[in-house]
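For reference, target-v8.csv is printed below; it contains CSV, C-alpha atoms.
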```csv
chain,number,residue,atom,x,y,z
A,379,MET,CA,-28.5,14.7,-10.2
A,380,GLN,CA,-31.6,13.4,-8.4
A,381,GLU,CA,-30.7,9.8,-9.4
A,382,GLN,CA,-27.2,10.2,-8.0
A,383,ARG,CA,-28.6,11.5,-4.7
A,384,GLN,CA,-31.0,8.5,-4.5
A,385,ASN,CA,-28.2,6.1,-5.2
A,386,ALA,CA,-26.1,7.7,-2.5
A,387,ARG,CA,-28.9,7.1,0.1
A,388,SER,CA,-29.9,3.6,-0.9
A,389,ARG,CA,-26.7,1.5,-0.7
A,390,PRO,CA,-26.8,-1.5,1.6
A,391,TRP,CA,-23.8,-0.6,3.7
A,392,ALA,CA,-25.5,2.7,4.7
A,393,GLU,CA,-29.0,1.4,5.1
A,394,GLY,CA,-31.2,3.7,7.2
A,395,ARG,CA,-28.9,6.7,6.9
A,396,THR,CA,-30.2,9.6,4.8
A,397,HIS,CA,-27.4,12.0,5.3
A,398,LEU,CA,-23.9,10.7,5.2
A,399,GLN,CA,-20.9,12.4,6.7
A,400,ALA,CA,-17.3,11.8,5.6
A,401,LEU,CA,-13.8,12.5,6.9
A,402,VAL,CA,-11.9,13.5,3.8
A,403,ILE,CA,-8.1,13.1,3.2
A,404,VAL,CA,-6.6,14.5,0.0
A,405,ASN,CA,-2.9,14.4,-0.9
A,406,GLU,CA,-2.6,16.9,-3.8
A,407,ALA,CA,1.1,16.0,-4.0
A,408,ALA,CA,0.2,12.4,-5.1
A,409,GLY,CA,1.1,11.4,-8.7
A,410,SER,CA,-2.3,12.0,-10.4
A,411,VAL,CA,-4.2,14.3,-8.0
A,412,GLY,CA,-2.5,17.7,-8.5
A,413,GLN,CA,-3.6,21.2,-7.5
A,414,GLY,CA,-7.3,21.5,-7.5
A,415,GLY,CA,-7.8,17.9,-6.5
A,416,ARG,CA,-9.2,18.8,-3.1
A,417,ASP,CA,-11.9,21.1,-4.6
A,418,LYS,CA,-12.8,18.6,-7.3
A,419,LEU,CA,-13.3,15.8,-4.7
A,420,LEU,CA,-15.4,18.0,-2.4
A,421,GLY,CA,-17.6,18.9,-5.4
A,422,GLU,CA,-18.0,15.3,-6.3
A,423,ILE,CA,-19.0,14.2,-2.8
A,424,GLU,CA,-21.4,17.1,-2.4
A,425,ALA,CA,-23.2,16.1,-5.6
A,426,LEU,CA,-23.6,12.7,-4.0
A,427,SER,CA,-25.2,14.2,-0.8
A,428,VAL,CA,-22.2,13.4,1.3
A,429,ARG,CA,-21.1,16.1,3.8
A,430,ALA,CA,-17.4,16.5,4.7
A,431,THR,CA,-17.0,16.8,8.4
A,432,LYS,CA,-13.2,17.5,8.2
A,433,VAL,CA,-10.8,17.8,5.3
A,434,VAL,CA,-7.0,17.4,5.7
A,435,SER,CA,-4.0,16.8,3.5
A,436,ASP,CA,-1.7,15.5,6.2
A,437,LEU,CA,-2.5,12.2,8.0
A,438,ASP,CA,-0.3,13.2,10.9
A,439,GLN,CA,-3.0,15.7,11.8
A,440,LEU,CA,-5.5,12.9,12.5
A,441,CYS,CA,-6.2,10.2,15.0
A,442,GLU,CA,-8.6,7.3,15.0
A,443,ALA,CA,-11.1,9.3,17.0
A,444,ASP,CA,-11.5,11.7,14.1
A,445,ALA,CA,-13.5,9.1,12.3
A,446,ALA,CA,-16.0,8.6,15.2
A,447,ARG,CA,-18.4,11.2,13.9
A,448,ALA,CA,-18.1,10.1,10.3
A,449,ASP,CA,-20.1,7.5,8.3
A,450,LEU,CA,-17.1,6.9,6.0
A,451,VAL,CA,-13.5,8.0,5.4
A,452,ILE,CA,-12.6,9.1,1.8
A,453,VAL,CA,-9.0,9.0,0.9
A,454,LEU,CA,-7.6,10.4,-2.4
A,455,GLY,CA,-3.8,9.9,-2.9
A,456,GLY,CA,-1.2,7.3,-3.8
A,457,ASP,CA,-0.6,3.9,-2.3
A,458,GLY,CA,1.5,5.4,0.5
A,459,THR,CA,-1.4,7.7,1.6
A,460,ALA,CA,-3.9,4.8,1.3
A,461,SER,CA,-1.7,2.4,3.3
A,462,LYS,CA,-1.0,5.0,6.0
A,463,ALA,CA,-4.8,5.7,6.3
A,464,ALA,CA,-5.5,2.0,6.5
A,465,SER,CA,-2.9,1.7,9.3
A,466,LEU,CA,-4.5,4.6,11.2
A,467,PHE,CA,-8.1,3.5,11.2
A,468,LYS,CA,-9.2,0.1,12.4
A,469,GLY,CA,-12.9,-1.0,12.4
A,470,GLY,CA,-15.6,1.6,12.5
A,471,ALA,CA,-16.4,3.7,9.5
A,472,PRO,CA,-15.4,2.1,6.2
A,473,LEU,CA,-12.7,3.7,4.0
A,474,ILE,CA,-12.9,4.5,0.3
A,475,LEU,CA,-9.4,4.5,-1.0
A,476,LEU,CA,-9.4,6.4,-4.3
A,477,PRO,CA,-6.7,6.1,-7.0
A,478,GLY,CA,-4.7,9.3,-7.0
A,479,GLY,CA,-1.1,8.0,-7.3
A,480,THR,CA,1.1,6.3,-9.9
A,481,ARG,CA,0.6,2.6,-9.4
A,482,ASN,CA,-2.7,2.6,-7.3
A,483,LEU,CA,-2.4,-1.0,-6.4
A,484,LEU,CA,-4.8,-0.8,-3.4
A,485,PRO,CA,-7.6,1.1,-5.2
A,486,HIS,CA,-7.3,-1.1,-8.3
A,487,ALA,CA,-7.7,-4.2,-6.1
A,488,LEU,CA,-10.9,-2.6,-4.5
A,489,TYR,CA,-12.5,-1.0,-7.6
A,490,GLY,CA,-10.7,-2.1,-10.7
A,491,VAL,CA,-8.8,0.1,-13.1
A,492,VAL,CA,-11.1,3.2,-13.1
A,493,THR,CA,-10.7,6.9,-12.5
A,494,TRP,CA,-11.2,8.1,-9.0
A,495,PRO,CA,-14.6,9.8,-9.7
A,496,SER,CA,-15.9,6.5,-11.1
A,497,ALA,CA,-14.5,4.6,-8.1
A,498,LEU,CA,-16.2,7.0,-5.7
A,499,ARG,CA,-19.6,6.8,-7.4
A,500,ALA,CA,-19.4,3.0,-7.6
A,501,ALA,CA,-18.3,2.6,-3.9
A,502,LEU,CA,-21.1,4.8,-2.7
A,503,ALA,CA,-23.8,3.2,-4.9
A,504,HIS,CA,-23.0,-0.5,-4.4
A,505,GLY,CA,-19.9,-1.0,-2.4
A,506,ARG,CA,-19.6,-3.9,0.1
A,507,ILE,CA,-17.7,-3.7,3.3
A,508,VAL,CA,-14.7,-6.0,3.6
A,509,LYS,CA,-11.7,-6.3,5.9
A,510,LEU,CA,-8.5,-5.1,4.3
A,511,ILE,CA,-5.8,-7.9,4.6
A,512,GLY,CA,-2.2,-6.8,5.1
A,513,GLY,CA,0.9,-7.7,7.0
A,514,GLU,CA,2.8,-6.5,10.0
A,515,ALA,CA,6.6,-6.3,10.2
A,516,ASN,CA,7.8,-5.9,13.8
A,517,GLY,CA,4.5,-4.2,14.6
A,518,ARG,CA,4.5,-1.9,11.5
A,519,LYS,CA,1.6,-2.5,9.2
A,520,PHE,CA,1.7,-2.7,5.4
A,521,PHE,CA,-1.1,-3.4,3.0
A,522,VAL,CA,0.6,-3.7,-0.4
A,523,ALA,CA,4.1,-5.0,0.0
A,524,ALA,CA,7.2,-5.1,2.2
A,525,MET,CA,10.6,-5.5,0.6
A,526,PHE,CA,13.8,-6.3,2.4
A,527,GLY,CA,17.6,-6.4,1.6
A,528,ALA,CA,20.3,-4.3,0.0
A,529,PRO,CA,18.4,-3.7,-3.3
A,530,THR,CA,15.8,-1.6,-1.4
A,531,LEU,CA,18.6,1.0,-1.1
A,532,LEU,CA,18.0,1.7,-4.8
A,533,ALA,CA,14.8,3.5,-3.8
A,534,ARG,CA,16.7,5.8,-1.5
A,535,ALA,CA,19.2,6.5,-4.3
A,536,ARG,CA,16.3,7.4,-6.5
A,537,GLU,CA,14.9,9.8,-3.9
A,538,ALA,CA,18.3,11.5,-3.5
A,539,ALA,CA,18.4,12.0,-7.3
A,540,ARG,CA,14.9,13.5,-7.3
A,541,SER,CA,16.0,16.0,-4.7
A,542,GLY,CA,19.1,17.0,-6.6
A,543,ARG,CA,21.5,15.4,-4.2
A,544,LEU,CA,23.7,13.6,-6.8
A,545,ASP,CA,26.5,13.1,-4.2
A,546,LEU,CA,24.1,11.3,-1.9
A,547,MET,CA,22.7,9.3,-4.8
A,548,MET,CA,26.2,8.0,-5.7
A,549,ALA,CA,26.9,7.1,-2.1
A,550,ARG,CA,23.7,5.1,-1.8
A,551,LEU,CA,24.4,3.4,-5.1
A,552,ASN,CA,27.8,2.4,-3.8
A,553,GLN,CA,26.1,1.0,-0.7
A,554,VAL,CA,23.9,-1.2,-2.9
A,555,PHE,CA,26.7,-2.7,-5.0
A,556,THR,CA,29.1,-3.3,-2.0
A,557,ARG,CA,26.4,-4.9,0.2
A,558,ILE,CA,24.2,-6.9,-2.1
A,559,PHE,CA,26.4,-9.9,-2.5
A,560,ALA,CA,28.3,-9.6,0.8
A,561,ARG,CA,25.4,-9.2,3.2
A,562,ARG,CA,22.6,-11.6,2.3
A,563,ILE,CA,19.5,-12.1,4.4
A,564,ALA,CA,18.0,-15.4,5.7
A,565,VAL,CA,14.3,-15.8,4.9
A,566,ARG,CA,12.1,-18.4,6.6
A,567,PRO,CA,8.3,-18.4,5.9
A,568,LEU,CA,6.3,-20.4,8.5
A,569,GLY,CA,6.6,-24.1,7.8
A,570,GLY,CA,9.6,-23.7,5.5
A,571,VAL,CA,13.4,-23.8,6.0
A,572,ALA,CA,15.6,-20.7,6.2
A,573,THR,CA,17.2,-19.9,2.8
A,574,ARG,CA,19.7,-17.2,1.9
A,575,ALA,CA,18.7,-14.5,-0.6
A,576,GLU,CA,19.9,-11.1,-1.8
A,577,ALA,CA,16.4,-9.7,-1.3
A,578,ALA,CA,13.0,-10.7,-0.2
A,579,GLY,CA,9.4,-9.4,-0.5
A,580,VAL,CA,6.2,-10.2,1.3
A,581,LEU,CA,3.2,-9.3,-0.9
A,582,CYS,CA,-0.3,-8.7,0.3
A,583,PRO,CA,-3.4,-9.7,-1.8
A,584,ALA,CA,-3.7,-6.1,-3.1
A,585,TYR,CA,-0.3,-6.4,-4.9
A,586,ARG,CA,-1.9,-9.2,-7.0
A,587,GLY,CA,-5.1,-7.2,-7.5
A,588,GLU,CA,-7.1,-9.2,-5.0
A,589,VAL,CA,-9.1,-8.4,-1.9
A,590,GLU,CA,-9.2,-11.7,0.0
A,591,ALA,CA,-6.6,-14.4,0.6
A,592,GLN,CA,-5.6,-17.1,3.0
A,593,SER,CA,-1.9,-16.2,3.2
A,594,LEU,CA,0.8,-13.8,2.1
A,595,GLU,CA,3.1,-14.3,-0.9
A,596,TRP,CA,6.8,-14.6,-0.1
A,597,VAL,CA,9.3,-13.9,-2.9
A,598,ARG,CA,13.1,-14.4,-2.6
A,599,LEU,CA,15.7,-13.1,-5.0
A,600,ASN,CA,18.7,-15.4,-5.6
A,601,ALA,CA,21.0,-13.4,-7.9
A,602,ALA,CA,24.0,-15.5,-8.8
A,603,GLN,CA,25.5,-12.6,-10.6
A,604,PRO,CA,24.8,-8.8,-11.1
A,605,VAL,CA,23.0,-9.5,-14.4
A,606,ASP,CA,20.3,-11.4,-12.5
A,607,LEU,CA,19.7,-8.3,-10.3
A,608,ILE,CA,19.6,-6.0,-13.4
A,609,ARG,CA,17.2,-8.3,-15.2
A,610,VAL,CA,14.8,-8.6,-12.3
A,611,GLY,CA,14.9,-4.9,-11.8
A,612,MET,CA,14.0,-4.3,-15.4
A,613,ARG,CA,11.1,-6.8,-15.2
A,614,SER,CA,9.8,-5.1,-12.1
A,615,VAL,CA,9.2,-2.0,-14.2
A,616,PHE,CA,7.8,-3.8,-17.3
A,617,GLY,CA,6.0,-6.7,-15.5
A,618,GLY,CA,6.6,-10.4,-14.9
A,619,TRP,CA,9.4,-10.1,-12.3
A,620,ARG,CA,7.8,-12.7,-10.0
A,621,ASP,CA,8.1,-15.3,-12.8
A,622,ASP,CA,11.9,-14.7,-13.3
A,623,ALA,CA,14.2,-17.7,-12.9
A,624,ALA,CA,16.0,-15.9,-10.1
A,625,ILE,CA,12.8,-15.6,-8.0
A,626,GLU,CA,11.5,-18.2,-5.6
A,627,ARG,CA,7.9,-18.0,-4.4
A,628,SER,CA,6.0,-19.5,-1.5
A,629,TRP,CA,2.9,-18.7,0.6
A,630,ALA,CA,2.6,-18.4,4.4
A,631,ARG,CA,0.7,-16.4,7.0
A,632,SER,CA,3.9,-15.6,9.0
A,633,GLY,CA,7.6,-15.9,9.0
A,634,GLU,CA,10.9,-14.1,9.7
A,635,ILE,CA,13.9,-12.5,8.1
A,636,ARG,CA,17.3,-12.3,9.7
A,637,ALA,CA,20.7,-10.8,8.9
A,638,VAL,CA,23.9,-9.8,10.5
A,639,GLY,CA,23.4,-6.1,11.3
A,640,ALA,CA,20.8,-3.8,9.8
A,641,ILE,CA,18.2,-4.9,7.3
A,642,PRO,CA,17.2,-2.1,4.9
A,643,ALA,CA,13.5,-2.3,3.9
A,644,ILE,CA,10.6,-0.6,2.2
A,645,LEU,CA,7.1,-0.9,3.5
A,646,ASP,CA,4.4,0.3,1.0
A,647,GLY,CA,6.9,2.6,-0.6
A,648,GLU,CA,8.4,4.0,2.6
A,649,PRO,CA,12.1,3.3,3.3
A,650,THR,CA,12.9,2.0,6.8
A,651,THR,CA,15.6,-0.1,8.6
A,652,PHE,CA,15.2,-3.0,10.9
A,653,LYS,CA,17.8,-4.4,13.3
A,654,ALA,CA,18.9,-8.0,12.5
A,655,HIS,CA,15.5,-9.7,12.9
A,656,VAL,CA,12.0,-9.0,11.4
A,657,ARG,CA,9.0,-11.0,12.4
A,658,ILE,CA,6.2,-10.8,9.9
A,659,THR,CA,2.6,-11.8,10.5
A,660,MET,CA,-0.6,-11.6,8.4
A,661,VAL,CA,-3.1,-9.0,9.4
A,662,THR,CA,-6.7,-10.2,8.9
A,663,ASP,CA,-8.4,-7.6,11.2
A,664,GLY,CA,-7.5,-4.6,9.1
A,665,PRO,CA,-9.8,-1.6,8.6
A,666,ASN,CA,-13.2,-1.8,7.0
A,667,VAL,CA,-13.0,-0.7,3.3
A,668,LEU,CA,-15.6,-0.4,0.6
A,669,SER,CA,-15.0,-2.7,-2.4
A,670,THR,CA,-17.0,-3.1,-5.6
A,671,LEU,CA,-15.3,-6.3,-6.8
```
What is this file in structure tokens?
Amino acid sequence: MQEQRQNARSRPWAEGRTHLQALVIVNEAAGSVGQGGRDKLLGEIEALSVRATKVVSDLDQLCEADAARADLVIVLGGDGTASKAASLFKGGAPLILLPGGTRNLLPHALYGVVTWPSALRAALAHGRIVKLIGGEANGRKFFVAAMFGAPTLLARAREAARSGRLDLMMARLNQVFTRIFARRIAVRPLGGVATRAEAAGVLCPAYRGEVEAQSLEWVRLNAAQPVDLIRVGMRSVFGGWRDDAAIERSWARSGEIRAVGAIPAILDGEPTTFKAHVRITMVTDGPNVLSTL
């Protein structure tokens, strides 16, 4: 215990500070946190001589000023919670984004594939402060991935099924298959030409398990027939979808997506809709985060 306390006080990013204070965010509804996650996290940080100044489960209860009194912000939840926290806090106290969800792309990019207690201890002991790189779609930030086009409606159908609304699920599935080949989107990364696609994605470094990068990865789905969509969908579950023959890839710091009418989208797992035009830019001045990689 004494060794843990000494490590917690001697890390380079907190040099000169003997008593650390943290703003703590815990989403117990996240995939692998569960009930009791809040108490377990508070016990862990107390053992590391870190005092919680405020503990919340809902990010809507916070504003950037809440971190002013804290030396760091500790977040335990899924990628959606981590991304929302990253969007809320810019500069100032560094964030520790712990893996508490299902995919945990952001935490894995920062700490590797480890449990959240191990990630917490490593970040406190020898983490380095880096700027989290992300993207911005019409002013809305994302730090993992943004997906655009009719296939993103499948996520909404899945949510309807989870809530027991089978009628809504069927209606949304019908939307997907009636719109996917009829209402394509035009995708133009900076420096490239506009190309038509059934769907497109803009991927941040964290999606690839990286922290730093010079540009965003742009992927476009060109499905000549329904079987291409099904195949790519299956490979997105089991891996390797970006290497599929129906996928085109390029890299750019900015670009745009256009369509006639609404553009359904998903930003870091959250469904949304844009009107006709989306301007995407790379975000290099994101929040400070602690990374061990």
Write out as an NGL selection string which residues come within 10 Å of range 497-500 of chain A when counting all atoms listed in the file, dropping same-chain ones fewer than 5 positions away.
:A and (382 or 385-386 or 419 or 422-423 or 426 or 452-454 or 474-477 or 485-486 or 488-492 or 505 or 668-670)
Distance query range 509-518 of chain A at most 9 Å, only C-alpha atoms, self and fewer than 4 positions along chain excluded, as a PyMOL selection string:
chain A and resi 464-465+469+522-524+580-584+589-591+594+631-632+634+645+652+655-668
Which distance in Å separates CA of Ala623 in chain A and CA of Ala654 in chain A, to one decimal?
27.6 Å
Shortest interatomic distance to Trp596 in chain A - which of A:Asp457, A:Arg562, A:Pro642, A:Met525, counting only C-alpha atoms
A:Met525
Select, from A:Gly579, A:Arg429, A:Gly412, A:Arg586, the residue with the minimum atom-to-atom distance to Gly618 in chain A, counting all atoms listed in the file.
A:Arg586
d(CA of Ser435 in chain A, CA of Val508 in chain A) in Å
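For CA of Ser435 in chain A relative to CA of Val508 in chain A, the distance reads 25.2 Å.
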Kindly give the distance, in Å, that separates CA of Ala448 in chain A and CA of Phe520 in chain A, rounded to a single decimal.
24.1 Å
Rank A:Val433, A:Ala501, A:Ala460, A:Ile563 by their smallest atom-to-atom distance to Gly639 in chain A, using all atoms listed in the file, and report the top residue only.
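Of the candidates, the smallest distance to Gly639 in chain A is held by A:Ile563.
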